[in-house]
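The structure appears below as structure tokens.
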Amino acid sequence: MDEGRQELWLSLLSLLIISINAVMFWRRGGRDARWSLRLLLMGLMLCFLLSPGSVLVLLLSVCCSVVHFSAGKEEVLLPAQGRAVLITGCDSGFGLNLAKMLAMAGMKVYAGVLDGSGPGAEELRTISSSQLTVLQFDITDLNQTYEAHQLIKSQIGETGLWGLVNNAGVLGYTCDGEILPMRILRKIIEVNFISGVDVTRVFLPMIRQAKGRIVTVSSLAGEVPFPGFAAYGASKAALTLYFGVMRQELARWGVKVAIIQPGGFKTNILGNQEQWAKIQKEIFSTLPPEVTGAYGEEYICSMQHRLSNMTAHSCTNFAPVLHAIKHALLSETPRPFYHPGPTAWAFPFMHRFCPTWLFDIIFPHMLYQS
């Protein structure tokens with residue numbers, strides 16, 4: 001093999017090794033994410049500018065591998081004790097389990113619930129811990145937001161609020177955008193976006209005081225267009241963009257903002273059969289006859305069953321989401337985005353790199369196949 005070809009293969013090999021290390025560093029987040037970019041740029045520069053020394057480049061890439069694996073120790077998080085966090089939407093799902101986990105870890109947890117006498121609130125009250133306070137908290141009621149603010153401020157004083165987890169949300173009803181009643185669309189936008197912004201703005205002075213964290217639970221539907229999720233996806237897209245801007249604007253005060261985009265988890269956000277029956281009745285009573293005729297009653301009624309088929313295979317283990325939120329709250333260098341879940345990376349990857357015409361054909365079938 002001639003010298004030029006040998007240098008080319010050595011350069012490509014070193015670039016491959018550095019790229020793999022860069023990806024692995026990036027997945028760890030924090031300071032390692034910055035090192036991933038530096039490693040990749042360094043590999044490119046050395047491979048293309050210093051090709052005569054490609055053997056040295058290869059040695060450098062191997063050294064990077066050694067550094068990577070020797071730095072594979074688990075990250076040490078900030079102590080949970082002495083820090084307070086407010087979590088909305090603790091009636092079930094992520095919020096309920098997160099409140100219990102953080103209270104056990106030693107954080108002072110204020111768990112907001114919509115139904116103060118519901119099973120979720122009662123389950124939280126059975127936990128005999130002075131670290132956990134259950135709050136009746138409808139985030140769409142600004143008066144209740146101010147009441148929660150006054151209570152928390154009176155208890156934590158000048159320490160400030162370390163964390164706010166915007167977790168409360170609703171799905172509403174899954175159907176085509178033309179069919180969905182505007183009343184429900186407005187409710188979804190209000191709960192998932194407007195009210196989360198309201199809560200954040202009220203508590204932000206306390207968070208700024210602590211140089212704390214804002215963690216917002218968004219959704220893949222805010223990044224990838226899911227058929228039947230037009231209103232829900234729009235609300236989550238607005239949420240993601242708003243808090244992405246806030247991440248930049250609040251950095252000057254040391255406040256860190258993280259967005260969680262789970263994929264493929266089964267929660268109680270879907271509501272119950274009785275609620276769905278009422279909404280379906282409202283659709284048929286308000287929809288113009290020509291629209292009903294265009295879609296057909298059978299198709300409109302099938303939306304609920306199609307969603308049930310989709311969620312039947314969803315993951316019931318919330319651990320990846322809970323650990324992501326905990327990391328966002330207690331890591332010295334939290335990531336701006338977390339993507340826990342089996343489909344959290346696959347669907348966005350497909351949406352970004354698959355031709356649009358092909359994506360529009362295969363994605364609906366992947367979602368709703370039984």
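In the structure tokens, each chain is lettered A, B, ... as it comes, each chain's residues begin at 1, and ligands are numbered from 1 in order of appearance.
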
Residues within 8 Å of segment 206-220 of chain A, only C-alpha atoms, excluding chain neighbours under 2 positions, as a ChimeraX atom specification: /A:153,158-167,203-204,222-224,233,236-237,239-240,243,253-263,325,328-329,344,347-348

10 Å contact set for Pro181 of chain A, only C-alpha atoms, chain neighbours under 2 positions out, as number ranges by chain: A: 173, 175, 177-179, 183-186, 279-280, 282-284, 286-287

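Interatomic distance, atom CA of Thr343 of chain A against atom CA of Phe265 of chain A: 9.2 Å.
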
Distance criterion (only C-alpha atoms): nearest to Asp360 of chain A out of A:Gly244, A:Gly169, A:Pro225, A:Glu249: A:Pro225

Gap from atom CA of Asp141 of chain A to atom CA of Val113 of chain A - Å, one decimal: 12.5 Å

DSSP strand (DSSP E) selection over segment 115-171 of chain A, as a VMD selection string: chain A and resid 132 to 136 163 to 166

Residue nearest Ile188 of chain A - candidates A:Leu330, A:Gln155, A:Ala230, A:Ala148, atoms counted: only C-alpha atoms: A:Ala230

Pairwise distance for atom CA of Met104 of chain A and atom CA of His149 of chain A, rounded to one decimal in Å: 23.2 Å

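The shortest atom-to-atom distance to Pro79 of chain A, with only C-alpha atoms taken into account, belongs to A:Leu102 out of A:Leu102, A:Ile362, A:Ala168, A:Met182.
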
Apply DSSP to the structure's backbone, then extract all residues of segment 140-271 of chain A labelled alpha helix (DSSP H) and return them as a tab-separated table (two decimals) with all heavy atoms, in the first residue's frame.
```tsv
chain	number	residue	atom	x	y	z
A	142	LEU	N	-55.36	31.47	38.26
A	142	LEU	CA	-54.25	32.32	38.69
A	142	LEU	C	-54.29	32.61	40.18
A	142	LEU	O	-53.24	32.79	40.81
A	142	LEU	CB	-54.27	33.63	37.89
A	142	LEU	CG	-52.96	34.43	37.83
A	142	LEU	CD1	-51.81	33.56	37.34
A	142	LEU	CD2	-53.12	35.66	36.96
A	143	ASN	N	-55.49	32.64	40.77
A	143	ASN	CA	-55.61	32.85	42.22
A	143	ASN	C	-54.94	31.72	42.99
A	143	ASN	O	-54.25	31.96	43.99
A	143	ASN	CB	-57.08	32.99	42.63
A	143	ASN	CG	-57.70	34.29	42.14
A	143	ASN	OD1	-57.02	35.29	42.02
A	143	ASN	ND2	-58.99	34.25	41.84
A	144	GLN	N	-55.15	30.48	42.53
A	144	GLN	CA	-54.51	29.35	43.19
A	144	GLN	C	-52.99	29.39	43.00
A	144	GLN	O	-52.23	28.96	43.89
A	144	GLN	CB	-55.08	28.03	42.65
A	144	GLN	CG	-56.50	27.75	43.08
A	144	GLN	CD	-56.93	26.32	42.79
A	144	GLN	OE1	-56.11	25.42	42.65
A	144	GLN	NE2	-58.23	26.11	42.72
A	145	THR	N	-52.55	29.89	41.86
A	145	THR	CA	-51.10	30.03	41.64
A	145	THR	C	-50.50	31.00	42.64
A	145	THR	O	-49.44	30.72	43.25
A	145	THR	CB	-50.83	30.52	40.21
A	145	THR	OG1	-51.38	29.60	39.26
A	145	THR	CG2	-49.33	30.66	39.96
A	146	TYR	N	-51.16	32.13	42.87
A	146	TYR	CA	-50.65	33.11	43.84
A	146	TYR	C	-50.74	32.57	45.27
A	146	TYR	O	-49.86	32.85	46.10
A	146	TYR	CB	-51.43	34.42	43.72
A	146	TYR	CG	-51.00	35.26	42.54
A	146	TYR	CD1	-51.90	35.57	41.52
A	146	TYR	CD2	-49.70	35.74	42.44
A	146	TYR	CE1	-51.51	36.33	40.44
A	146	TYR	CE2	-49.30	36.51	41.35
A	146	TYR	CZ	-50.21	36.80	40.36
A	146	TYR	OH	-49.82	37.55	39.27
A	147	GLU	N	-51.78	31.80	45.57
A	147	GLU	CA	-51.89	31.20	46.90
A	147	GLU	C	-50.74	30.23	47.16
A	147	GLU	O	-50.14	30.21	48.24
A	147	GLU	CB	-53.24	30.48	47.04
A	147	GLU	CG	-54.43	31.43	47.12
A	147	GLU	CD	-55.75	30.67	47.08
A	147	GLU	OE1	-55.72	29.42	47.05
A	147	GLU	OE2	-56.80	31.33	47.07
A	148	ALA	N	-50.43	29.41	46.14
A	148	ALA	CA	-49.31	28.47	46.28
A	148	ALA	C	-48.00	29.24	46.44
A	148	ALA	O	-47.12	28.85	47.23
A	148	ALA	CB	-49.25	27.56	45.05
A	149	HIS	N	-47.86	30.33	45.73
A	149	HIS	CA	-46.66	31.14	45.82
A	149	HIS	C	-46.48	31.71	47.22
A	149	HIS	O	-45.38	31.67	47.79
A	149	HIS	CB	-46.73	32.27	44.79
A	149	HIS	CG	-45.59	33.23	44.86
A	149	HIS	ND1	-45.63	34.38	45.62
A	149	HIS	CD2	-44.36	33.21	44.26
A	149	HIS	CE1	-44.49	35.03	45.49
A	149	HIS	NE2	-43.70	34.35	44.67
A	150	GLN	N	-47.55	32.23	47.80
A	150	GLN	CA	-47.48	32.81	49.14
A	150	GLN	C	-47.12	31.76	50.18
A	150	GLN	O	-46.30	31.99	51.08
A	150	GLN	CB	-48.81	33.48	49.50
A	150	GLN	CG	-49.09	34.73	48.67
A	150	GLN	CD	-50.46	35.33	48.97
A	150	GLN	OE1	-51.21	34.80	49.81
A	150	GLN	NE2	-50.79	36.42	48.30
A	151	LEU	N	-47.73	30.57	50.05
A	151	LEU	CA	-47.46	29.49	51.00
A	151	LEU	C	-46.00	29.07	50.93
A	151	LEU	O	-45.32	28.95	51.97
A	151	LEU	CB	-48.37	28.30	50.72
A	151	LEU	CG	-48.07	27.03	51.53
A	151	LEU	CD1	-48.34	27.27	53.01
A	151	LEU	CD2	-48.89	25.85	51.03
A	152	ILE	N	-45.52	28.83	49.73
A	152	ILE	CA	-44.14	28.36	49.57
A	152	ILE	C	-43.15	29.42	50.03
A	152	ILE	O	-42.17	29.12	50.73
A	152	ILE	CB	-43.88	27.95	48.10
A	152	ILE	CG1	-44.76	26.74	47.74
A	152	ILE	CG2	-42.41	27.62	47.87
A	152	ILE	CD1	-44.70	26.36	46.28
A	153	LYS	N	-43.41	30.66	49.68
A	153	LYS	CA	-42.50	31.74	50.07
A	153	LYS	C	-42.44	31.90	51.59
A	153	LYS	O	-41.38	32.16	52.15
A	153	LYS	CB	-42.94	33.05	49.42
A	153	LYS	CG	-41.95	34.19	49.64
A	153	LYS	CD	-42.35	35.43	48.87
A	153	LYS	CE	-41.32	36.54	49.05
A	153	LYS	NZ	-41.70	37.76	48.28
A	154	SER	N	-43.58	31.70	52.25
A	154	SER	CA	-43.61	31.83	53.71
A	154	SER	C	-42.82	30.72	54.40
A	154	SER	O	-42.35	30.89	55.52
A	154	SER	CB	-45.06	31.82	54.22
A	154	SER	OG	-45.66	30.54	54.01
A	155	GLN	N	-42.66	29.58	53.72
A	155	GLN	CA	-41.98	28.44	54.33
A	155	GLN	C	-40.49	28.37	54.00
A	155	GLN	O	-39.69	27.92	54.82
A	155	GLN	CB	-42.67	27.13	53.91
A	155	GLN	CG	-44.08	26.99	54.45
A	155	GLN	CD	-44.68	25.62	54.15
A	155	GLN	OE1	-44.03	24.76	53.58
A	155	GLN	NE2	-45.92	25.41	54.55
A	156	ILE	N	-40.10	28.81	52.82
A	156	ILE	CA	-38.69	28.69	52.45
A	156	ILE	C	-37.94	30.01	52.59
A	156	ILE	O	-36.71	30.03	52.54
A	156	ILE	CB	-38.53	28.14	51.02
A	156	ILE	CG1	-39.12	29.10	49.98
A	156	ILE	CG2	-39.18	26.78	50.90
A	156	ILE	CD1	-38.92	28.62	48.56
A	182	MET	N	-63.26	23.81	18.67
A	182	MET	CA	-62.36	24.90	19.05
A	182	MET	C	-62.31	25.08	20.56
A	182	MET	O	-61.29	25.52	21.11
A	182	MET	CB	-62.80	26.18	18.37
A	182	MET	CG	-62.52	26.22	16.88
A	182	MET	SD	-60.75	26.03	16.49
A	182	MET	CE	-60.07	27.49	17.26
A	183	ARG	N	-63.40	24.75	21.25
A	183	ARG	CA	-63.40	24.87	22.71
A	183	ARG	C	-62.32	23.99	23.33
A	183	ARG	O	-61.60	24.42	24.24
A	183	ARG	CB	-64.78	24.47	23.26
A	183	ARG	CG	-64.86	24.47	24.79
A	183	ARG	CD	-66.16	23.85	25.27
A	183	ARG	NE	-66.21	22.42	25.01
A	183	ARG	CZ	-65.64	21.50	25.78
A	183	ARG	NH1	-64.95	21.87	26.86
A	183	ARG	NH2	-65.74	20.22	25.49
A	184	ILE	N	-62.17	22.79	22.81
A	184	ILE	CA	-61.18	21.86	23.34
A	184	ILE	C	-59.78	22.30	22.93
A	184	ILE	O	-58.84	22.21	23.73
A	184	ILE	CB	-61.47	20.44	22.84
A	184	ILE	CG1	-62.86	19.99	23.33
A	184	ILE	CG2	-60.40	19.46	23.31
A	184	ILE	CD1	-63.30	18.66	22.80
A	185	LEU	N	-59.64	22.79	21.71
A	185	LEU	CA	-58.33	23.28	21.28
A	185	LEU	C	-57.85	24.41	22.19
A	185	LEU	O	-56.69	24.43	22.62
A	185	LEU	CB	-58.40	23.75	19.83
A	185	LEU	CG	-57.08	24.17	19.18
A	185	LEU	CD1	-57.09	23.85	17.69
A	185	LEU	CD2	-56.79	25.67	19.37
A	186	ARG	N	-58.75	25.35	22.50
A	186	ARG	CA	-58.36	26.46	23.37
A	186	ARG	C	-58.00	25.97	24.77
A	186	ARG	O	-57.06	26.49	25.39
A	186	ARG	CB	-59.50	27.47	23.44
A	186	ARG	CG	-59.75	28.23	22.14
A	186	ARG	CD	-60.73	29.37	22.34
A	186	ARG	NE	-60.94	30.10	21.10
A	186	ARG	CZ	-61.95	29.88	20.25
A	186	ARG	NH1	-62.85	28.93	20.53
A	186	ARG	NH2	-62.06	30.59	19.14
A	187	LYS	N	-58.72	24.96	25.26
A	187	LYS	CA	-58.42	24.42	26.58
A	187	LYS	C	-57.04	23.77	26.60
A	187	LYS	O	-56.26	23.95	27.55
A	187	LYS	CB	-59.48	23.39	26.99
A	187	LYS	CG	-59.19	22.75	28.35
A	187	LYS	CD	-60.19	21.67	28.69
A	187	LYS	CE	-59.84	21.02	30.02
A	187	LYS	NZ	-60.77	19.91	30.36
A	188	ILE	N	-56.71	23.02	25.54
A	188	ILE	CA	-55.41	22.36	25.47
A	188	ILE	C	-54.29	23.40	25.46
A	188	ILE	O	-53.29	23.26	26.17
A	188	ILE	CB	-55.34	21.46	24.22
A	188	ILE	CG1	-56.33	20.29	24.35
A	188	ILE	CG2	-53.93	20.94	23.99
A	188	ILE	CD1	-56.48	19.47	23.09
A	189	ILE	N	-54.46	24.45	24.66
A	189	ILE	CA	-53.45	25.51	24.60
A	189	ILE	C	-53.32	26.19	25.95
A	189	ILE	O	-52.21	26.49	26.41
A	189	ILE	CB	-53.80	26.53	23.51
A	189	ILE	CG1	-53.81	25.88	22.12
A	189	ILE	CG2	-52.84	27.71	23.55
A	189	ILE	CD1	-52.46	25.44	21.63
A	195	SER	N	-50.91	28.37	30.84
A	195	SER	CA	-50.88	28.23	32.30
A	195	SER	C	-49.47	27.89	32.80
A	195	SER	O	-49.07	28.33	33.88
A	195	SER	CB	-51.87	27.16	32.75
A	195	SER	OG	-53.19	27.56	32.42
A	196	GLY	N	-48.73	27.09	32.02
A	196	GLY	CA	-47.35	26.80	32.40
A	196	GLY	C	-46.50	28.06	32.41
A	196	GLY	O	-45.63	28.24	33.28
A	197	VAL	N	-46.75	28.95	31.47
A	197	VAL	CA	-46.04	30.23	31.43
A	197	VAL	C	-46.44	31.08	32.63
A	197	VAL	O	-45.60	31.72	33.27
A	197	VAL	CB	-46.33	30.96	30.11
A	197	VAL	CG1	-45.77	32.38	30.15
A	197	VAL	CG2	-45.75	30.19	28.93
A	198	ASP	N	-47.75	31.10	32.95
A	198	ASP	CA	-48.23	31.87	34.10
A	198	ASP	C	-47.53	31.43	35.39
A	198	ASP	O	-47.05	32.25	36.17
A	198	ASP	CB	-49.74	31.69	34.26
A	198	ASP	CG	-50.53	32.65	33.38
A	198	ASP	OD1	-49.97	33.68	32.97
A	198	ASP	OD2	-51.72	32.36	33.10
A	199	VAL	N	-47.50	30.12	35.62
A	199	VAL	CA	-46.88	29.58	36.83
A	199	VAL	C	-45.40	29.96	36.88
A	199	VAL	O	-44.88	30.38	37.91
A	199	VAL	CB	-47.06	28.05	36.90
A	199	VAL	CG1	-46.25	27.46	38.05
A	199	VAL	CG2	-48.53	27.68	37.04
A	200	THR	N	-44.73	29.83	35.76
A	200	THR	CA	-43.30	30.15	35.71
A	200	THR	C	-43.05	31.61	36.04
A	200	THR	O	-42.14	31.95	36.81
A	200	THR	CB	-42.72	29.81	34.32
A	200	THR	OG1	-42.94	28.42	34.06
A	200	THR	CG2	-41.24	30.11	34.26
A	201	ARG	N	-43.84	32.49	35.47
A	201	ARG	CA	-43.64	33.93	35.69
A	201	ARG	C	-43.88	34.31	37.15
A	201	ARG	O	-43.18	35.17	37.70
A	201	ARG	CB	-44.57	34.73	34.78
A	201	ARG	CG	-44.15	34.70	33.32
A	201	ARG	CD	-45.26	35.21	32.42
A	201	ARG	NE	-45.56	36.61	32.67
A	201	ARG	CZ	-45.06	37.62	31.96
A	201	ARG	NH1	-44.21	37.38	30.97
A	201	ARG	NH2	-45.39	38.87	32.23
A	202	VAL	N	-44.85	33.66	37.80
A	202	VAL	CA	-45.14	33.97	39.20
A	202	VAL	C	-43.98	33.52	40.10
A	202	VAL	O	-43.58	34.24	41.02
A	202	VAL	CB	-46.46	33.31	39.64
A	202	VAL	CG1	-46.64	33.41	41.16
A	202	VAL	CG2	-47.64	33.98	38.94
A	203	PHE	N	-43.43	32.34	39.83
A	203	PHE	CA	-42.40	31.78	40.71
A	203	PHE	C	-40.98	32.16	40.29
A	203	PHE	O	-40.03	31.86	41.03
A	203	PHE	CB	-42.53	30.25	40.76
A	203	PHE	CG	-43.66	29.78	41.62
A	203	PHE	CD1	-44.91	29.53	41.08
A	203	PHE	CD2	-43.47	29.60	42.99
A	203	PHE	CE1	-45.96	29.11	41.89
A	203	PHE	CE2	-44.51	29.17	43.80
A	203	PHE	CZ	-45.76	28.94	43.25
A	204	LEU	N	-40.82	32.81	39.16
A	204	LEU	CA	-39.48	33.10	38.65
A	204	LEU	C	-38.63	33.95	39.59
A	204	LEU	O	-37.42	33.67	39.74
A	204	LEU	CB	-39.58	33.76	37.28
A	204	LEU	CG	-38.29	33.86	36.47
A	204	LEU	CD1	-37.53	32.53	36.44
A	204	LEU	CD2	-38.60	34.32	35.05
A	205	PRO	N	-39.16	34.97	40.27
A	205	PRO	CA	-38.31	35.72	41.22
A	205	PRO	C	-37.71	34.83	42.31
A	205	PRO	O	-36.55	35.02	42.69
A	205	PRO	CB	-39.27	36.76	41.80
A	205	PRO	CG	-40.29	36.98	40.73
A	205	PRO	CD	-40.49	35.62	40.11
A	206	MET	N	-38.47	33.84	42.80
A	206	MET	CA	-37.95	32.93	43.81
A	206	MET	C	-36.90	32.00	43.22
A	206	MET	O	-35.92	31.64	43.89
A	206	MET	CB	-39.10	32.12	44.43
A	206	MET	CG	-40.12	32.95	45.18
A	206	MET	SD	-41.52	31.95	45.74
A	206	MET	CE	-40.71	30.85	46.87
A	207	ILE	N	-37.09	31.59	41.97
A	207	ILE	CA	-36.12	30.72	41.31
A	207	ILE	C	-34.83	31.50	41.02
A	207	ILE	O	-33.72	30.99	41.21
A	207	ILE	CB	-36.72	30.14	40.01
A	207	ILE	CG1	-37.96	29.31	40.32
A	207	ILE	CG2	-35.69	29.30	39.26
A	207	ILE	CD1	-38.74	28.88	39.09
A	208	ARG	N	-34.99	32.74	40.58
A	208	ARG	CA	-33.81	33.57	40.33
A	208	ARG	C	-33.02	33.79	41.61
A	208	ARG	O	-31.78	33.81	41.60
A	208	ARG	CB	-34.25	34.91	39.75
A	208	ARG	CG	-33.08	35.83	39.39
A	208	ARG	CD	-33.54	37.20	38.97
A	208	ARG	NE	-34.23	37.16	37.68
A	208	ARG	CZ	-35.52	37.40	37.51
A	208	ARG	NH1	-36.28	37.69	38.56
A	208	ARG	NH2	-36.06	37.37	36.32
A	209	GLN	N	-33.73	33.95	42.72
A	209	GLN	CA	-33.08	34.16	44.02
A	209	GLN	C	-32.19	32.98	44.39
A	209	GLN	O	-31.11	33.15	44.95
A	209	GLN	CB	-34.16	34.37	45.09
A	209	GLN	CG	-33.64	34.74	46.46
A	209	GLN	CD	-34.78	35.01	47.43
A	209	GLN	OE1	-35.95	34.81	47.12
A	209	GLN	NE2	-34.44	35.47	48.62
A	210	ALA	N	-32.64	31.77	44.04
A	210	ALA	CA	-31.87	30.55	44.35
A	210	ALA	C	-30.91	30.16	43.24
A	210	ALA	O	-30.16	29.19	43.40
A	210	ALA	CB	-32.84	29.40	44.62
A	230	ALA	N	-53.03	17.44	16.50
A	230	ALA	CA	-52.73	18.79	16.02
A	230	ALA	C	-52.71	19.81	17.16
A	230	ALA	O	-51.76	20.59	17.30
A	230	ALA	CB	-53.74	19.20	14.96
A	231	ALA	N	-53.75	19.80	17.99
A	231	ALA	CA	-53.83	20.78	19.08
A	231	ALA	C	-52.79	20.49	20.15
A	231	ALA	O	-52.09	21.40	20.62
A	231	ALA	CB	-55.23	20.78	19.68
A	232	TYR	N	-52.68	19.25	20.56
A	232	TYR	CA	-51.71	18.87	21.58
A	232	TYR	C	-50.30	19.17	21.11
A	232	TYR	O	-49.48	19.74	21.85
A	232	TYR	CB	-51.87	17.38	21.90
A	232	TYR	CG	-50.93	16.86	22.95
A	232	TYR	CD1	-51.14	17.14	24.30
A	232	TYR	CD2	-49.82	16.09	22.60
A	232	TYR	CE1	-50.27	16.65	25.27
A	232	TYR	CE2	-48.95	15.60	23.56
A	232	TYR	CZ	-49.18	15.88	24.89
A	232	TYR	OH	-48.32	15.41	25.86
A	233	GLY	N	-49.99	18.80	19.87
A	233	GLY	CA	-48.66	19.05	19.34
A	233	GLY	C	-48.34	20.53	19.25
A	233	GLY	O	-47.23	20.96	19.54
A	234	ALA	N	-49.34	21.33	18.84
A	234	ALA	CA	-49.13	22.78	18.75
A	234	ALA	C	-48.83	23.37	20.12
A	234	ALA	O	-47.96	24.24	20.27
A	234	ALA	CB	-50.36	23.45	18.15
A	235	SER	N	-49.54	22.90	21.16
A	235	SER	CA	-49.32	23.42	22.52
A	235	SER	C	-47.93	23.05	23.02
A	235	SER	O	-47.25	23.86	23.67
A	235	SER	CB	-50.39	22.88	23.47
A	235	SER	OG	-50.24	21.48	23.70
A	236	LYS	N	-47.47	21.84	22.72
A	236	LYS	CA	-46.15	21.41	23.16
A	236	LYS	C	-45.04	22.06	22.35
A	236	LYS	O	-43.95	22.33	22.88
A	236	LYS	CB	-46.05	19.88	23.09
A	236	LYS	CG	-46.94	19.15	24.09
A	236	LYS	CD	-46.56	19.49	25.52
A	236	LYS	CE	-47.32	18.66	26.53
A	236	LYS	NZ	-46.92	18.94	27.93
A	237	ALA	N	-45.30	22.32	21.08
A	237	ALA	CA	-44.31	23.03	20.27
A	237	ALA	C	-44.11	24.45	20.80
A	237	ALA	O	-42.98	24.94	20.89
A	237	ALA	CB	-44.75	23.06	18.81
A	238	ALA	N	-45.22	25.11	21.15
A	238	ALA	CA	-45.13	26.45	21.74
A	238	ALA	C	-44.37	26.41	23.05
A	238	ALA	O	-43.54	27.28	23.34
A	238	ALA	CB	-46.54	27.02	21.94
A	239	LEU	N	-44.64	25.39	23.86
A	239	LEU	CA	-43.97	25.24	25.15
A	239	LEU	C	-42.46	25.06	24.97
A	239	LEU	O	-41.66	25.70	25.65
A	239	LEU	CB	-44.57	24.03	25.88
A	239	LEU	CG	-44.27	23.87	27.37
A	239	LEU	CD1	-45.05	24.90	28.17
A	239	LEU	CD2	-44.65	22.46	27.83
A	240	THR	N	-42.09	24.20	24.04
A	240	THR	CA	-40.68	23.93	23.79
A	240	THR	C	-39.95	25.17	23.31
A	240	THR	O	-38.84	25.49	23.78
A	240	THR	CB	-40.53	22.80	22.75
A	240	THR	OG1	-41.14	21.60	23.25
A	240	THR	CG2	-39.07	22.53	22.44
A	241	LEU	N	-40.55	25.90	22.39
A	241	LEU	CA	-39.90	27.10	21.87
A	241	LEU	C	-39.81	28.19	22.94
A	241	LEU	O	-38.77	28.85	23.08
A	241	LEU	CB	-40.67	27.62	20.65
A	241	LEU	CG	-40.06	28.82	19.93
A	241	LEU	CD1	-38.64	28.51	19.47
A	241	LEU	CD2	-40.91	29.25	18.76
A	242	TYR	N	-40.88	28.37	23.70
A	242	TYR	CA	-40.89	29.42	24.72
A	242	TYR	C	-39.78	29.18	25.75
A	242	TYR	O	-39.01	30.09	26.07
A	242	TYR	CB	-42.25	29.45	25.42
A	242	TYR	CG	-42.35	30.50	26.50
A	242	TYR	CD1	-42.75	31.80	26.20
A	242	TYR	CD2	-42.05	30.20	27.83
A	242	TYR	CE1	-42.84	32.77	27.18
A	242	TYR	CE2	-42.14	31.17	28.82
A	242	TYR	CZ	-42.54	32.45	28.49
A	242	TYR	OH	-42.61	33.41	29.47
A	243	PHE	N	-39.70	27.96	26.26
A	243	PHE	CA	-38.70	27.69	27.29
A	243	PHE	C	-37.29	27.56	26.70
A	243	PHE	O	-36.31	27.71	27.43
A	243	PHE	CB	-39.10	26.46	28.11
A	243	PHE	CG	-40.18	26.78	29.11
A	243	PHE	CD1	-41.50	26.52	28.83
A	243	PHE	CD2	-39.86	27.37	30.32
A	243	PHE	CE1	-42.50	26.83	29.74
A	243	PHE	CE2	-40.85	27.69	31.24
A	243	PHE	CZ	-42.17	27.43	30.95
A	244	GLY	N	-37.20	27.29	25.40
A	244	GLY	CA	-35.89	27.36	24.76
A	244	GLY	C	-35.37	28.79	24.75
A	244	GLY	O	-34.17	29.03	24.97
A	245	VAL	N	-36.27	29.74	24.51
A	245	VAL	CA	-35.88	31.15	24.58
A	245	VAL	C	-35.56	31.54	26.02
A	245	VAL	O	-34.57	32.25	26.29
A	245	VAL	CB	-37.00	32.04	24.01
A	245	VAL	CG1	-36.68	33.51	24.24
A	245	VAL	CG2	-37.21	31.76	22.53
A	246	MET	N	-36.38	31.08	26.97
A	246	MET	CA	-36.14	31.40	28.38
A	246	MET	C	-34.78	30.87	28.84
A	246	MET	O	-34.13	31.49	29.69
A	246	MET	CB	-37.26	30.81	29.24
A	246	MET	CG	-38.62	31.44	29.03
A	246	MET	SD	-38.70	33.12	29.68
A	246	MET	CE	-38.92	32.78	31.42
A	247	ARG	N	-34.37	29.73	28.32
A	247	ARG	CA	-33.06	29.18	28.68
A	247	ARG	C	-31.95	30.19	28.38
A	247	ARG	O	-31.02	30.35	29.17
A	247	ARG	CB	-32.82	27.88	27.92
A	247	ARG	CG	-31.50	27.19	28.27
A	247	ARG	CD	-31.23	25.99	27.40
A	247	ARG	NE	-30.96	26.33	26.01
A	247	ARG	CZ	-31.79	26.10	25.00
A	247	ARG	NH1	-32.95	25.48	25.20
A	247	ARG	NH2	-31.48	26.45	23.76
A	248	GLN	N	-32.06	30.85	27.24
A	248	GLN	CA	-31.05	31.84	26.87
A	248	GLN	C	-31.19	33.12	27.68
A	248	GLN	O	-30.19	33.70	28.12
A	248	GLN	CB	-31.18	32.15	25.38
A	248	GLN	CG	-31.03	30.93	24.48
A	248	GLN	CD	-31.38	31.25	23.03
A	248	GLN	OE1	-30.76	32.09	22.40
A	248	GLN	NE2	-32.37	30.56	22.50
A	249	GLU	N	-32.41	33.56	27.90
A	249	GLU	CA	-32.63	34.84	28.57
A	249	GLU	C	-32.31	34.80	30.06
A	249	GLU	O	-31.90	35.81	30.63
A	249	GLU	CB	-34.09	35.29	28.36
A	249	GLU	CG	-34.42	35.58	26.90
A	249	GLU	CD	-35.88	35.91	26.68
A	249	GLU	OE1	-36.71	35.63	27.58
A	249	GLU	OE2	-36.22	36.44	25.61
```
